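Structure, as structure tokens:
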2 protein chains.
Amino acid sequence: MAKILLGPQTLIYPLPALLIGANIDDKPNFMAVAWSGIVNSEPPMISVAIRHNRHTASGIKQNMVFSVNVPSTDLVKETDYCGTVSGSEANKVEVCQFKVFYGKLKNAPLIEQCPVNLECKVMHTLDLGSHSLFVGSIEETHVSENCLTDGNPDVNKIKPLIYCITSPVRRYYAFGEVIGETRSISQELRSRK
Amino acid sequence: MAKILLGPQTLIYPLPALLIGANIDDKPNFMAVAWSGIVNSEPPMISVAIRHNRHTASGIKQNMVFSVNVPSTDLVKETDYCGTVSGSEANKVEVCQFKVFYGKLKNAPLIEQCPVNLECKVMHTLDLGSHSLFVGSIEETHVSENCLTDGNPDVNKIKPLIYCITSPVRRYYAFGEVIGETRSISQELRSRK
């Protein structure tokens, strides 16, 4: 199978489409990010990379806390809007009609309409070039009651968005079919050992 | 909408299912990770979090390079196998029948069967608790020729896997339907500003 070289590219699949919240001068603001991922299990931590000059980066530096809100496919318009407009130019909470609430950290704004919300405290900040990488400890997790099944978060009710930068267009996708369950899907290979 | 508190949880959607490659004592090995994400645009960088005692962590520290291989849904068994068996106990390359090749960095092993391969050089290492976070600059990107359309990576040909930790089971999903294109999907909200 021939391979084509594309040079250095940020090319992984899937990417998330998350709404990062921060208060800026005591007002809640949200931006969409795809540059995010889990970075530690014990204690639970997540990283979020944001361009230095973004409004949200200022808010995180002001309070050293942020939120991660997982939008559902129903919120695709609002999510995309929060990724294409700056909080310095518009009141995104008002335009998107987000119901904002606060939890344990008191100053990390959370979106009620998003099925999953994480409250995070900044533990490390790395300047990597174009972006600041904020590594946050996850202090609390909120899940909408109607997205739980037997007390557990249910992906079929959460209906998360996937961000996909396949050129030349960038698209949002939904989750598709189940391909397999962990461990049972590789049982046969493990027995070959 | 009522919210239920679940305590600190690594709960975001989607998570990737990536195969991280490293040479250990000059032998190629691969492990599956979900704790990974893009962390910078210019220059392109990616982070990968690995438990300190994992075989792959030793290999990355030996050579200060690693690879990120994006498996397709066809490779779900091999991907799961590489996430459930240690390279200290089995020759995973042999069991999975991976065709290994090397690129620009010479010692970051790449899997030919994976449609996308990134070669990465470690720029930062952070000890976050249970995991080491390796931040790597992406030095080269390889894409299988049959996964390109008009020279661009095509997600419909790549067919990436999604990892999903919805309790109590953990599953792999495929990409589903297109929910919208960036910018055009939020045009109406932007005009409301």
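In the structure tokens, the first chain shown is A, the next is B, and so on; residue numbers restart at 1 for each chain, and ligands run from 1 in the order shown.
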
(request) Please provide the set of residues having any atom within 9 Å of Pro71 of chain B, restricted to only C-alpha atoms, with same-chain residues fewer than 6 positions apart removed, written as a list in words. (result) Ala17, Leu18, Leu19, Glu78, Thr79, Gln113, Cys114, Pro115, Val116, Ile158, Lys159, Pro160 and Leu161 of chain B

(request) Using only C-alpha atoms, determine which residues lie at most 6 Å from segment 99-111 of chain A, disregarding the query and same-chain residues fewer than 6 positions distant; provide the list as a ChimeraX atom specification. (result) /A:21-22,28,65-67

Please produce a file of the residues just selected, as a PDB file, in the first residue's frame, where the atoms kept are N, CA and C atoms.
```
ATOM      1  N   GLY A  21     -15.559  27.000  28.696  1.00  0.00           N
ATOM      2  CA  GLY A  21     -16.128  28.171  29.363  1.00  0.00           C
ATOM      3  C   GLY A  21     -15.148  28.833  30.314  1.00  0.00           C
ATOM      4  N   ALA A  22     -15.207  30.156  30.347  1.00  0.00           N
ATOM      5  CA  ALA A  22     -14.421  30.927  31.318  1.00  0.00           C
ATOM      6  C   ALA A  22     -15.135  32.242  31.546  1.00  0.00           C
ATOM      7  N   PRO A  28     -19.617  35.362  31.722  1.00  0.00           N
ATOM      8  CA  PRO A  28     -19.344  34.044  31.131  1.00  0.00           C
ATOM      9  C   PRO A  28     -19.178  34.108  29.612  1.00  0.00           C
ATOM     10  N   VAL A  65      -9.364  28.807  36.244  1.00  0.00           N
ATOM     11  CA  VAL A  65     -10.337  27.719  36.153  1.00  0.00           C
ATOM     12  C   VAL A  65     -10.996  27.802  34.767  1.00  0.00           C
ATOM     13  N   PHE A  66     -11.551  26.687  34.322  1.00  0.00           N
ATOM     14  CA  PHE A  66     -12.334  26.671  33.077  1.00  0.00           C
ATOM     15  C   PHE A  66     -13.320  25.524  33.146  1.00  0.00           C
ATOM     16  N   SER A  67     -14.271  25.534  32.220  1.00  0.00           N
ATOM     17  CA  SER A  67     -15.197  24.414  32.128  1.00  0.00           C
ATOM     18  C   SER A  67     -15.069  23.758  30.754  1.00  0.00           C
TER      19      SER A  67
END
```

(message) List as an MDAnalysis selection string the protein and nucleic acid residues near Thr166 of chain B, meaning an atom at most 6 Å away when only C-alpha atoms are counted, but skip any in the same chain fewer than 2 places from it.
(response) (chainID A and resid 153) or (chainID B and resid 164 170)

Could the residues in this selection be written to a file with all heavy atoms, as a PDB file, in the first residue's frame?
```pdb
ATOM      1  N   PRO A 153     -23.647   7.538  32.335  1.00  0.00           N
ATOM      2  CA  PRO A 153     -23.809   8.361  31.138  1.00  0.00           C
ATOM      3  C   PRO A 153     -24.044   7.457  29.925  1.00  0.00           C
ATOM      4  O   PRO A 153     -23.365   6.448  29.761  1.00  0.00           O
ATOM      5  CB  PRO A 153     -22.456   9.077  31.008  1.00  0.00           C
ATOM      6  CG  PRO A 153     -21.838   9.009  32.370  1.00  0.00           C
ATOM      7  CD  PRO A 153     -22.351   7.754  32.991  1.00  0.00           C
TER       8      PRO A 153
ATOM      9  N   CYS B 164     -15.155   4.810  23.258  1.00  0.00           N
ATOM     10  CA  CYS B 164     -16.233   5.372  24.075  1.00  0.00           C
ATOM     11  C   CYS B 164     -16.322   4.635  25.405  1.00  0.00           C
ATOM     12  O   CYS B 164     -16.561   3.422  25.433  1.00  0.00           O
ATOM     13  CB  CYS B 164     -17.544   5.264  23.287  1.00  0.00           C
ATOM     14  SG  CYS B 164     -18.919   6.025  24.131  1.00  0.00           S
ATOM     15  N   ARG B 170     -17.266  -0.575  27.530  1.00  0.00           N
ATOM     16  CA  ARG B 170     -16.478   0.322  26.687  1.00  0.00           C
ATOM     17  C   ARG B 170     -16.533  -0.209  25.271  1.00  0.00           C
ATOM     18  O   ARG B 170     -16.323  -1.394  25.036  1.00  0.00           O
ATOM     19  CB  ARG B 170     -15.033   0.374  27.192  1.00  0.00           C
ATOM     20  CG  ARG B 170     -14.986   0.893  28.609  1.00  0.00           C
ATOM     21  CD  ARG B 170     -13.621   0.848  29.233  1.00  0.00           C
ATOM     22  NE  ARG B 170     -13.684   1.504  30.536  1.00  0.00           N
ATOM     23  CZ  ARG B 170     -12.713   2.212  31.076  1.00  0.00           C
ATOM     24  NH1 ARG B 170     -11.568   2.330  30.449  1.00  0.00           N
ATOM     25  NH2 ARG B 170     -12.859   2.798  32.246  1.00  0.00           N
TER      26      ARG B 170
END
```

(message) Please list as number ranges by chain every residue within 8 Å of segment 47-64 of chain B, counting only C-alpha atoms and excluding residues in the same chain fewer than 6 positions away.
(response) A: 38-40; B: 20-25, 29-31, 33, 35-39, 86-88, 107, 121-122, 130-136

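Residue nearest Lys3 of chain A within the list B:Lys27, B:His124, B:Lys77, B:His142: B:His142 [criterion: smallest interatomic distance, only C-alpha atoms].
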
(message) Using only C-alpha atoms for the distances, tell me which of B:Glu42, B:Gly83, B:Leu128, B:Gln97 is nearest to Tyr163 of chain B.
(response) B:Gly83

(request) Find the residues near Glu140 of chain B: any atom within 10 Å, counting only C-alpha atoms, skip ones fewer than 3 places away on the same chain, and give them as a PyMOL selection string. (result) (chain A and resi 5-10) or (chain B and resi 44+67+103-105+117-121+137)

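Rounded to one decimal, atom CA of Ile165 of chain B and atom CA of Glu177 of chain B lie 20.8 Å from each other.
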